[in-house]
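Inspection log for the structure reproduced underneath, given as structure tokens.
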Amino acid sequence: MKQARKLSVFPSRLSMLAVACQLACMSMSVYAQSTESNEPTDAKRVTITGKKVGMGLMVQESAPKARSTITAEELAKQRPTGNAYEALELMPAVNSYNYDATGLFGGGLTLRGFNSDQIGATINGVPVNDSGSFSVFPQEFVDQENTCTQFVTQGSTDVDSPQIGATGGNFGITTCDPAKDQRFRVMQTVGGLHMSKTYMRYDTGMWADGRTRFFISGSHAQADKWKGEGGAKRDHVDVGFRTDFDRFNSINGTVLYNRAINQNISTFNLADLKSKGYDYDFASKFVGHATPRKGQADYDTDSAFADSYYQLTKNPFENVIASVTGKFRIGENTDIKLIPYYWYGYGTGGNQQKWMAEGPNPHPVTKKIQSSFLNVATGKNNAAVDLNGDGDTLDNVIVANSSVTRTNRPGITASVMHNIDNHQLLAGFWYERATHEQFGPMVAVDANGNAADIWLKEGRILRPDGTPYQSRDWKTISTAYQFFAQDTISLMNDKLSVNLGLRAPTMKRDFTNFANEGSGITYNIQKTYNEVLPQLGARYQIDNSNQVFASLAKNMKVPPNFVYATSSNVQIKNGVATMPVDVKAETSYNLDIGYRHQSDMLTAQATVYSVDFRDRQATAYDPTTNTSSLTSVGKVKTRGFELELGNTPVNGWSFYGSVGYANSEINDNLPVQVTDNVSKQKVVVALPTAGKQMTLTPEWKAGLSAQYETAVWYTRLKAKYTGDQWATMTNDELVPAYTTVGFDAGYQFANTGWLKKPTLRLSISNIFNEKYRNPSSFNVTNAQPYGSATAFAAPKGVYYYMGAPRLTTVTLSADF
């Protein structure tokens, strides 16, 4: 394996050399034409705007920390079904991928070695990480056509960000305000895989009061899977309003509704890839039910011996995000901001096909007594139910069952800003109470393989006592609050700016496991986590074109709620729930030091960073069963650098290039408890993780984009290189490097009467049909066994999402 990694570095170096040459050429060709700007640079983020540097992938900024943002001008050039992860793919710190080419099925993201569940996510200031596991589902949030900005802070979380699960910075989306002029916009996208998206938006323009405006939009998108049967359907509605009383006082709000039904795309290990091929997926035909015979044991085909049926891999979800932002001036130098919000979600996860025993009968192969229905009185799974109606309880029947989540999440963020002398003071608080219910009902499957209700709401199968079967039944009430303060000090005629910040978040987890088929007793666990998180940042403006900056911040993430479940970290002894390992909150220290050159024609930024983890949480996720497990890997150190370079268009040409390097090292071996096959005693085996690289953290990553644009048309070629990365913490399974190339083009026709800005856009992804893979889980410990012959840590399954092939789509849009 080590030799394989050494060989794979060679193409990485060639790719890095190619990018370096391109950056050098950009610098020499553009810098000679540049002139220094005498205008102050007061932007707080790197912003994509189609008319500025790097064809919209960079602008000049002065924040004392790394921060990247995308705006609507760049998003308009991308495929309309794309999600937020895909939009960030060229950034040097971002390692992102989609499960398919449309973006409708979701994807994965790491940032400087942080997984997406370690990065806080917000929409219009509303936290949208899952309140239990902190997972992020980018395809559910908002229509890309309504997104005005997406931003990422790569190291330090914003001091006022409403986060309790962000050790790796934060990620946010801001929707566009209603337009000031009345308009009706229509967009239609079609392409391969029977992909289509219809989008319509109506803006009222300014109302008669001269203060208020409103918009409503709706869309329907659908596409087939790129392999196997099935697809995705998504319906989305956004509503927004804004009232400006004057330039200091305003209220704006949005309601974002999403309803999607996706079928899972299969993941498989390397053995499956070798034996079944790249396009292997779920079964296209249902195996059927065995003919019921009273008094005899009849067995449907166990999914362990046959692939799950694709119609039983549906993953429906529905959510609403509502928020209002009020900004008010209460004094000459004092402003307040209030953001009340409400988040609701309901949906399933994982595959639904389940092979269920009607009663405590012998397994047809192993002959062991099977677990069946819960007897609530005894807490044992030995109750029986006739599932196929043959008058006995001797059978095993295919049913539909998966994990269901229902979340109700109100909260509010309030802050006050006051300017005095050379100080800008910010202080405020955030409060949230999330009720997170997770349960596992079961419904019947008909002869054609269709679930009685894919939402698992109607027709639930009941136990003999009349209560519904539940593979799990959890209720987590997470009460979070945070006080924050920041002082931004301007010194030396604003040549030096210093930020002093402090966050003090607290979360109380109140977890109740109600007796269910997964754990037969009811128990409650309550834990409270809090930290004081300081931040320090500084930026020094050397001259009009050059500046240096530095930031240091402490971040934290509380453990996910599933650590309180018997399937993860809780043991039942004498009827009492105990946690042998009290999982601590994860903390990190993030240091950024950077240099920027910013002129009229050229913008460059170089950043070196260091991340020190304490009690790093390693979450392993199984997409088939929709279950997670957590391990603490202790201390992890990540060191790296990032380089970005972009130019303002010259004779229509603009370029953007980025290079990122990361070295993430685990400090210690990972102890795991196993059972000795001879003595039957519990023993500890040390997995050799010390000195190994952390998973899904490629050492090298590069992005390159070249665009030519006129007043009416543009073309763009972009390439992303992702270097080798490890799939396991013991570094015994390597993910090879890969490069993907895409092409975008657009043409705006002349206005014709009532038709305004008619535009035709073309998007082609993965032009060369590159085959590649990405692990489905961020933290798999080992792919090989470790230990002695009788006591060893068994290998964990590493499952992969295969890279989607080339996809071509065309979009026609116009305003009326």
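Ligands are numbered from 1 in the order shown, chains are lettered A, B, ... in the order of the structure tokens, and residues start at 1 in each chain.
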
Can you pull out the residues contacting Trp226 of chain A? Cut-off 9 Å, using only C-alpha atoms, and skip same-chain residues under 6 positions away; I want them as a short mmCIF file (atom, residue, chain, number, x, y, z; two decimals) with C-alpha atoms, in the first residue's frame.
data_model
loop_
_atom_site.label_atom_id
_atom_site.label_comp_id
_atom_site.auth_asym_id
_atom_site.auth_seq_id
_atom_site.Cartn_x
_atom_site.Cartn_y
_atom_site.Cartn_z
CA ASP A 100 -24.60 12.12 -9.16
CA ALA A 101 -24.08 14.80 -11.81
CA LEU A 193 -30.92 10.99 -17.67
CA ILE A 265 -27.62 5.27 -5.15
CA ASP A 279 -22.47 0.42 -12.76
CA ALA A 804 -21.02 9.90 -12.18
CA PRO A 805 -20.27 9.93 -15.94
#

**Message:** Env of Ala444 of chain A: 9 Å cut, atoms = only C-alpha atoms, seq-sep filter 5 positions within chain, self excluded. Answer as number ranges by chain.
**Reply:** A: 387-388, 398-401, 450-453, 459-461

Hey, can you spit out that residue selection with N, CA, C and O atoms as a PDB file, in the first residue's frame?
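Ended up saving to selection-v5.pdb:
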ATOM      1  N   LEU A 387     -47.755 -11.672   9.684  1.00  0.00           N
ATOM      2  CA  LEU A 387     -47.524 -10.602   8.713  1.00  0.00           C
ATOM      3  C   LEU A 387     -48.112 -10.893   7.337  1.00  0.00           C
ATOM      4  O   LEU A 387     -48.432  -9.966   6.600  1.00  0.00           O
ATOM      5  N   ASN A 388     -48.218 -12.146   6.964  1.00  0.00           N
ATOM      6  CA  ASN A 388     -48.702 -12.474   5.614  1.00  0.00           C
ATOM      7  C   ASN A 388     -50.104 -13.055   5.587  1.00  0.00           C
ATOM      8  O   ASN A 388     -50.586 -13.489   4.540  1.00  0.00           O
ATOM      9  N   ILE A 398     -40.754 -10.058   3.815  1.00  0.00           N
ATOM     10  CA  ILE A 398     -40.169  -8.773   3.446  1.00  0.00           C
ATOM     11  C   ILE A 398     -41.163  -7.653   3.753  1.00  0.00           C
ATOM     12  O   ILE A 398     -42.311  -7.697   3.306  1.00  0.00           O
ATOM     13  N   VAL A 399     -40.728  -6.668   4.521  1.00  0.00           N
ATOM     14  CA  VAL A 399     -41.536  -5.499   4.868  1.00  0.00           C
ATOM     15  C   VAL A 399     -40.708  -4.246   4.584  1.00  0.00           C
ATOM     16  O   VAL A 399     -39.546  -4.330   4.187  1.00  0.00           O
ATOM     17  N   ALA A 400     -41.319  -3.091   4.783  1.00  0.00           N
ATOM     18  CA  ALA A 400     -40.617  -1.815   4.616  1.00  0.00           C
ATOM     19  C   ALA A 400     -40.412  -1.173   5.976  1.00  0.00           C
ATOM     20  O   ALA A 400     -41.370  -0.970   6.729  1.00  0.00           O
ATOM     21  N   ASN A 401     -39.171  -0.867   6.299  1.00  0.00           N
ATOM     22  CA  ASN A 401     -38.820  -0.268   7.593  1.00  0.00           C
ATOM     23  C   ASN A 401     -37.561   0.559   7.406  1.00  0.00           C
ATOM     24  O   ASN A 401     -36.630   0.157   6.717  1.00  0.00           O
ATOM     25  N   ASN A 450     -43.993  -2.825  -3.618  1.00  0.00           N
ATOM     26  CA  ASN A 450     -44.259  -1.442  -3.235  1.00  0.00           C
ATOM     27  C   ASN A 450     -44.651  -1.355  -1.770  1.00  0.00           C
ATOM     28  O   ASN A 450     -45.497  -2.124  -1.299  1.00  0.00           O
ATOM     29  N   ALA A 451     -44.038  -0.422  -1.065  1.00  0.00           N
ATOM     30  CA  ALA A 451     -44.394  -0.205   0.333  1.00  0.00           C
ATOM     31  C   ALA A 451     -45.781   0.399   0.434  1.00  0.00           C
ATOM     32  O   ALA A 451     -46.198   1.186  -0.427  1.00  0.00           O
ATOM     33  N   ALA A 452     -46.517   0.033   1.499  1.00  0.00           N
ATOM     34  CA  ALA A 452     -47.860   0.572   1.695  1.00  0.00           C
ATOM     35  C   ALA A 452     -47.833   2.084   1.790  1.00  0.00           C
ATOM     36  O   ALA A 452     -48.764   2.758   1.349  1.00  0.00           O
ATOM     37  N   ASP A 453     -46.779   2.659   2.355  1.00  0.00           N
ATOM     38  CA  ASP A 453     -46.609   4.109   2.448  1.00  0.00           C
ATOM     39  C   ASP A 453     -45.122   4.385   2.571  1.00  0.00           C
ATOM     40  O   ASP A 453     -44.499   4.021   3.573  1.00  0.00           O
ATOM     41  N   GLY A 459     -50.726   2.875   7.809  1.00  0.00           N
ATOM     42  CA  GLY A 459     -50.668   1.424   7.716  1.00  0.00           C
ATOM     43  C   GLY A 459     -49.524   0.801   8.484  1.00  0.00           C
ATOM     44  O   GLY A 459     -49.008  -0.255   8.091  1.00  0.00           O
ATOM     45  N   ARG A 460     -49.121   1.405   9.579  1.00  0.00           N
ATOM     46  CA  ARG A 460     -48.011   0.868  10.359  1.00  0.00           C
ATOM     47  C   ARG A 460     -48.383  -0.487  10.972  1.00  0.00           C
ATOM     48  O   ARG A 460     -49.492  -0.683  11.469  1.00  0.00           O
ATOM     49  N   ILE A 461     -47.450  -1.419  10.936  1.00  0.00           N
ATOM     50  CA  ILE A 461     -47.645  -2.745  11.513  1.00  0.00           C
ATOM     51  C   ILE A 461     -47.550  -2.644  13.028  1.00  0.00           C
ATOM     52  O   ILE A 461     -46.628  -2.014  13.574  1.00  0.00           O
TER      53      ILE A 461
END

Mind checking which residues fall within 7 Å of Lys327 of chain A, counting only C-alpha atoms, ignoring those fewer than 5 positions away in the same chain, and posting them as a short mmCIF file (atom, residue, chain, number, x, y, z; two decimals) with N, CA, C and O atoms, in the first residue's frame?
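Writing the result to selection-v4.cif gives the following:
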data_model
loop_
_atom_site.label_atom_id
_atom_site.label_comp_id
_atom_site.auth_asym_id
_atom_site.auth_seq_id
_atom_site.Cartn_x
_atom_site.Cartn_y
_atom_site.Cartn_z
N ASN A 249 -33.37 50.90 9.04
CA ASN A 249 -34.39 50.06 9.66
C ASN A 249 -35.10 49.25 8.58
O ASN A 249 -35.62 49.81 7.60
N SER A 250 -35.13 47.93 8.77
CA SER A 250 -35.75 47.06 7.77
C SER A 250 -36.18 45.75 8.41
O SER A 250 -35.68 45.35 9.47
N ILE A 251 -37.12 45.08 7.73
CA ILE A 251 -37.56 43.73 8.09
C ILE A 251 -37.63 42.92 6.81
O ILE A 251 -38.21 43.36 5.81
N ILE A 336 -29.52 47.25 16.40
CA ILE A 336 -29.83 45.91 16.88
C ILE A 336 -30.33 45.06 15.72
O ILE A 336 -30.85 45.57 14.73
N LYS A 337 -30.14 43.75 15.86
CA LYS A 337 -30.61 42.81 14.85
C LYS A 337 -31.25 41.62 15.55
O LYS A 337 -30.68 41.06 16.50
N LEU A 338 -32.45 41.23 15.08
CA LEU A 338 -33.18 40.10 15.64
C LEU A 338 -33.48 39.11 14.52
O LEU A 338 -33.94 39.50 13.44
#

**Asked** Counting only C-alpha atoms, what is within 8 Å of segment 528-540 of chain A, bar same-chain residues fewer than 3 positions away, as JSON, numbers by chain?
**Response** {"A": [62, 63, 64, 65, 156, 159, 495, 496, 497, 498, 499, 500, 501, 502, 503, 504, 505, 506, 507, 508, 509, 547, 548, 549, 550, 551, 552, 553, 554, 555, 556, 558, 585]}

Each residue of segment 352-423 of chain A with at least one atom at most 12 Å from segment 318-321 of chain A should appear once, together with its nearest atom pair and the corresponding distance in Å (one decimal); atoms considered: only C-alpha atoms; ordering: chain, then increasing residue number; output as JSON lines.
{"residue": "A:Val404", "atom": "CA", "partner": "A:Glu318", "partner_atom": "CA", "distance": 11.5}
{"residue": "A:Thr405", "atom": "CA", "partner": "A:Glu318", "partner_atom": "CA", "distance": 10.4}
{"residue": "A:Arg406", "atom": "CA", "partner": "A:Asn319", "partner_atom": "CA", "distance": 9.5}
{"residue": "A:Thr407", "atom": "CA", "partner": "A:Asn319", "partner_atom": "CA", "distance": 9.0}
{"residue": "A:Asn408", "atom": "CA", "partner": "A:Val320", "partner_atom": "CA", "distance": 9.9}
{"residue": "A:Arg409", "atom": "CA", "partner": "A:Ile321", "partner_atom": "CA", "distance": 9.5}
{"residue": "A:Pro410", "atom": "CA", "partner": "A:Ile321", "partner_atom": "CA", "distance": 10.0}
{"residue": "A:Gly411", "atom": "CA", "partner": "A:Ile321", "partner_atom": "CA", "distance": 11.5}

**Item:** DSSP-assigned strand (DSSP E) members of segment 671-784 of chain A, reported as an MDAnalysis selection string
**Value:** chainID A and resid 671:675 682:687 700:709 713:722 725:726 734:735 738:748 756:765 773:775

**Fill in**
Nearest to Asp668 of chain A, restricted to only C-alpha atoms and choosing among A:Ala690, A:Val152, A:Ala565, A:Cys176, comes out as A:Ala690

**Asked** In Å to one decimal, how far is atom CA of Thr243 of chain A from atom CA of Val416 of chain A?
**Response**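 Spanning atom CA of Val416 of chain A to atom CA of Thr243 of chain A is a straight-line distance of 20.3 Å.
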
**Fill in**
Taken to one decimal, the atom CA of Asp235 of chain A-atom CA of Met187 of chain A distance is 14.7 Å

**Message:** Please list as a ChimeraX atom specification every residue within 6 Å of Phe151 of chain A, counting only C-alpha atoms and excluding residues in the same chain fewer than 2 positions away.
**Reply:** /A:68-69,171-172

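Remark: for Lys225 of chain A, the closest of the candidate residues A:Leu807, A:Thr790, A:Arg213, A:Tyr202 is A:Leu807 (distances computed over only C-alpha atoms).
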
**Item:** d(atom CA of Ser478 of chain A, atom CA of Ser135 of chain A) in Å
**Value:**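 Between atom CA of Ser478 of chain A and atom CA of Ser135 of chain A the gap is 15.1 Å.
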
**Prompt:** If you count only C-alpha atoms, which residues fall within 10 Å of Phe778 of chain A, apart from same-chain ones fewer than 3 positions away, as a PyMOL selection string?
**Reply:** chain A and resi 108-110+113-117+618-621+694-697+726-729+774-775+781+798

**Shortest interatomic distance to Ser217 of chain A - which of A:Leu602, A:Ile420, A:Val186, A:Ala232, counting only C-alpha atoms** =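 Using only C-alpha atoms, Ser217 of chain A sits closest to A:Val186.
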
**Asked** For Lys573 of chain A, which residue out of A:Asn779, A:Glu358, A:Phe816, A:Tyr523 is the nearest one, using only C-alpha atoms?
**Response** A:Tyr523

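Look at Arg259 of chain A: the protein and nucleic acid residues within 10 Å of it, using only C-alpha atoms and passing over chain neighbours fewer than 4 places away, are Glu140, His220, Lys233, Arg234, Asp235, His236, Val237, Pro316, Phe317, Glu318, Asn319, Val320, Gly345, Tyr346 and Gly347 of chain A.
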
Any chance you could export the current selection's N, CA, C and O atoms as a PDB file, in the first residue's frame?
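Okay, this is what ended up in selection15.pdb:
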ATOM      1  N   GLU A 140     -31.488  19.874  -0.003  1.00  0.00           N
ATOM      2  CA  GLU A 140     -32.824  20.117   0.545  1.00  0.00           C
ATOM      3  C   GLU A 140     -33.140  21.591   0.782  1.00  0.00           C
ATOM      4  O   GLU A 140     -34.292  21.927   1.055  1.00  0.00           O
ATOM      5  N   HIS A 220     -40.024  22.420 -10.021  1.00  0.00           N
ATOM      6  CA  HIS A 220     -40.111  20.956 -10.011  1.00  0.00           C
ATOM      7  C   HIS A 220     -38.919  20.428 -10.788  1.00  0.00           C
ATOM      8  O   HIS A 220     -38.672  20.828 -11.933  1.00  0.00           O
ATOM      9  N   LYS A 233     -37.159  13.103  -7.438  1.00  0.00           N
ATOM     10  CA  LYS A 233     -38.156  14.129  -7.726  1.00  0.00           C
ATOM     11  C   LYS A 233     -38.133  15.139  -6.584  1.00  0.00           C
ATOM     12  O   LYS A 233     -38.110  14.754  -5.422  1.00  0.00           O
ATOM     13  N   ARG A 234     -38.135  16.406  -6.956  1.00  0.00           N
ATOM     14  CA  ARG A 234     -38.014  17.467  -5.954  1.00  0.00           C
ATOM     15  C   ARG A 234     -38.965  18.603  -6.302  1.00  0.00           C
ATOM     16  O   ARG A 234     -38.942  19.130  -7.412  1.00  0.00           O
ATOM     17  N   ASP A 235     -39.810  18.982  -5.344  1.00  0.00           N
ATOM     18  CA  ASP A 235     -40.688  20.144  -5.480  1.00  0.00           C
ATOM     19  C   ASP A 235     -40.305  21.160  -4.422  1.00  0.00           C
ATOM     20  O   ASP A 235     -40.117  20.804  -3.248  1.00  0.00           O
ATOM     21  N   HIS A 236     -40.193  22.410  -4.853  1.00  0.00           N
ATOM     22  CA  HIS A 236     -39.666  23.437  -3.956  1.00  0.00           C
ATOM     23  C   HIS A 236     -40.435  24.744  -4.124  1.00  0.00           C
ATOM     24  O   HIS A 236     -40.747  25.144  -5.259  1.00  0.00           O
ATOM     25  N   VAL A 237     -40.740  25.395  -3.003  1.00  0.00           N
ATOM     26  CA  VAL A 237     -41.413  26.694  -3.008  1.00  0.00           C
ATOM     27  C   VAL A 237     -40.668  27.624  -2.055  1.00  0.00           C
ATOM     28  O   VAL A 237     -40.396  27.260  -0.902  1.00  0.00           O
ATOM     29  N   PRO A 316     -37.770   9.632   1.171  1.00  0.00           N
ATOM     30  CA  PRO A 316     -38.547  10.873   1.092  1.00  0.00           C
ATOM     31  C   PRO A 316     -38.242  11.802   2.267  1.00  0.00           C
ATOM     32  O   PRO A 316     -37.977  11.345   3.384  1.00  0.00           O
ATOM     33  N   PHE A 317     -38.276  13.097   1.994  1.00  0.00           N
ATOM     34  CA  PHE A 317     -38.051  14.076   3.061  1.00  0.00           C
ATOM     35  C   PHE A 317     -38.787  15.371   2.729  1.00  0.00           C
ATOM     36  O   PHE A 317     -38.890  15.769   1.579  1.00  0.00           O
ATOM     37  N   GLU A 318     -39.280  16.020   3.788  1.00  0.00           N
ATOM     38  CA  GLU A 318     -40.010  17.276   3.666  1.00  0.00           C
ATOM     39  C   GLU A 318     -39.540  18.222   4.757  1.00  0.00           C
ATOM     40  O   GLU A 318     -39.407  17.807   5.914  1.00  0.00           O
ATOM     41  N   ASN A 319     -39.248  19.465   4.408  1.00  0.00           N
ATOM     42  CA  ASN A 319     -38.804  20.401   5.437  1.00  0.00           C
ATOM     43  C   ASN A 319     -39.221  21.834   5.108  1.00  0.00           C
ATOM     44  O   ASN A 319     -39.456  22.190   3.949  1.00  0.00           O
ATOM     45  N   VAL A 320     -39.317  22.638   6.161  1.00  0.00           N
ATOM     46  CA  VAL A 320     -39.671  24.056   6.066  1.00  0.00           C
ATOM     47  C   VAL A 320     -38.677  24.844   6.911  1.00  0.00           C
ATOM     48  O   VAL A 320     -38.386  24.475   8.050  1.00  0.00           O
ATOM     49  N   GLY A 345     -38.768  19.436   9.958  1.00  0.00           N
ATOM     50  CA  GLY A 345     -38.398  18.418   8.994  1.00  0.00           C
ATOM     51  C   GLY A 345     -38.999  17.077   9.345  1.00  0.00           C
ATOM     52  O   GLY A 345     -39.153  16.730  10.525  1.00  0.00           O
ATOM     53  N   TYR A 346     -39.358  16.326   8.310  1.00  0.00           N
ATOM     54  CA  TYR A 346     -39.845  14.960   8.493  1.00  0.00           C
ATOM     55  C   TYR A 346     -39.400  14.137   7.292  1.00  0.00           C
ATOM     56  O   TYR A 346     -39.566  14.560   6.139  1.00  0.00           O
ATOM     57  N   GLY A 347     -38.848  12.950   7.552  1.00  0.00           N
ATOM     58  CA  GLY A 347     -38.461  12.101   6.444  1.00  0.00           C
ATOM     59  C   GLY A 347     -37.781  10.837   6.908  1.00  0.00           C
ATOM     60  O   GLY A 347     -37.556  10.620   8.106  1.00  0.00           O
TER      61      GLY A 347
END

**Request:** Can you check which residues of segment 190-361 of chain A DSSP gives as alpha helix (DSSP H) on the backbone and send them as a list in words?
**Result:**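 Assigned to alpha helix (DSSP H), within segment 190-361 of chain A: Leu270, Ala271, Asp272, Leu273, Lys274, Ser275 and Lys276 of chain A.
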
Would you mind exporting C-alpha atoms of the selected residues as an mmCIF file, in the first residue's frame?
data_model
loop_
_atom_site.group_PDB
_atom_site.id
_atom_site.type_symbol
_atom_site.label_atom_id
_atom_site.label_comp_id
_atom_site.auth_asym_id
_atom_site.auth_seq_id
_atom_site.Cartn_x
_atom_site.Cartn_y
_atom_site.Cartn_z
ATOM 1 C CA LEU A 270 -13.772 -2.918 -3.633
ATOM 2 C CA ALA A 271 -14.652 -6.599 -3.800
ATOM 3 C CA ASP A 272 -18.095 -5.739 -5.184
ATOM 4 C CA LEU A 273 -16.511 -3.286 -7.626
ATOM 5 C CA LYS A 274 -14.225 -6.010 -8.932
ATOM 6 C CA SER A 275 -16.884 -8.698 -9.227
ATOM 7 C CA LYS A 276 -19.971 -6.691 -10.231
#
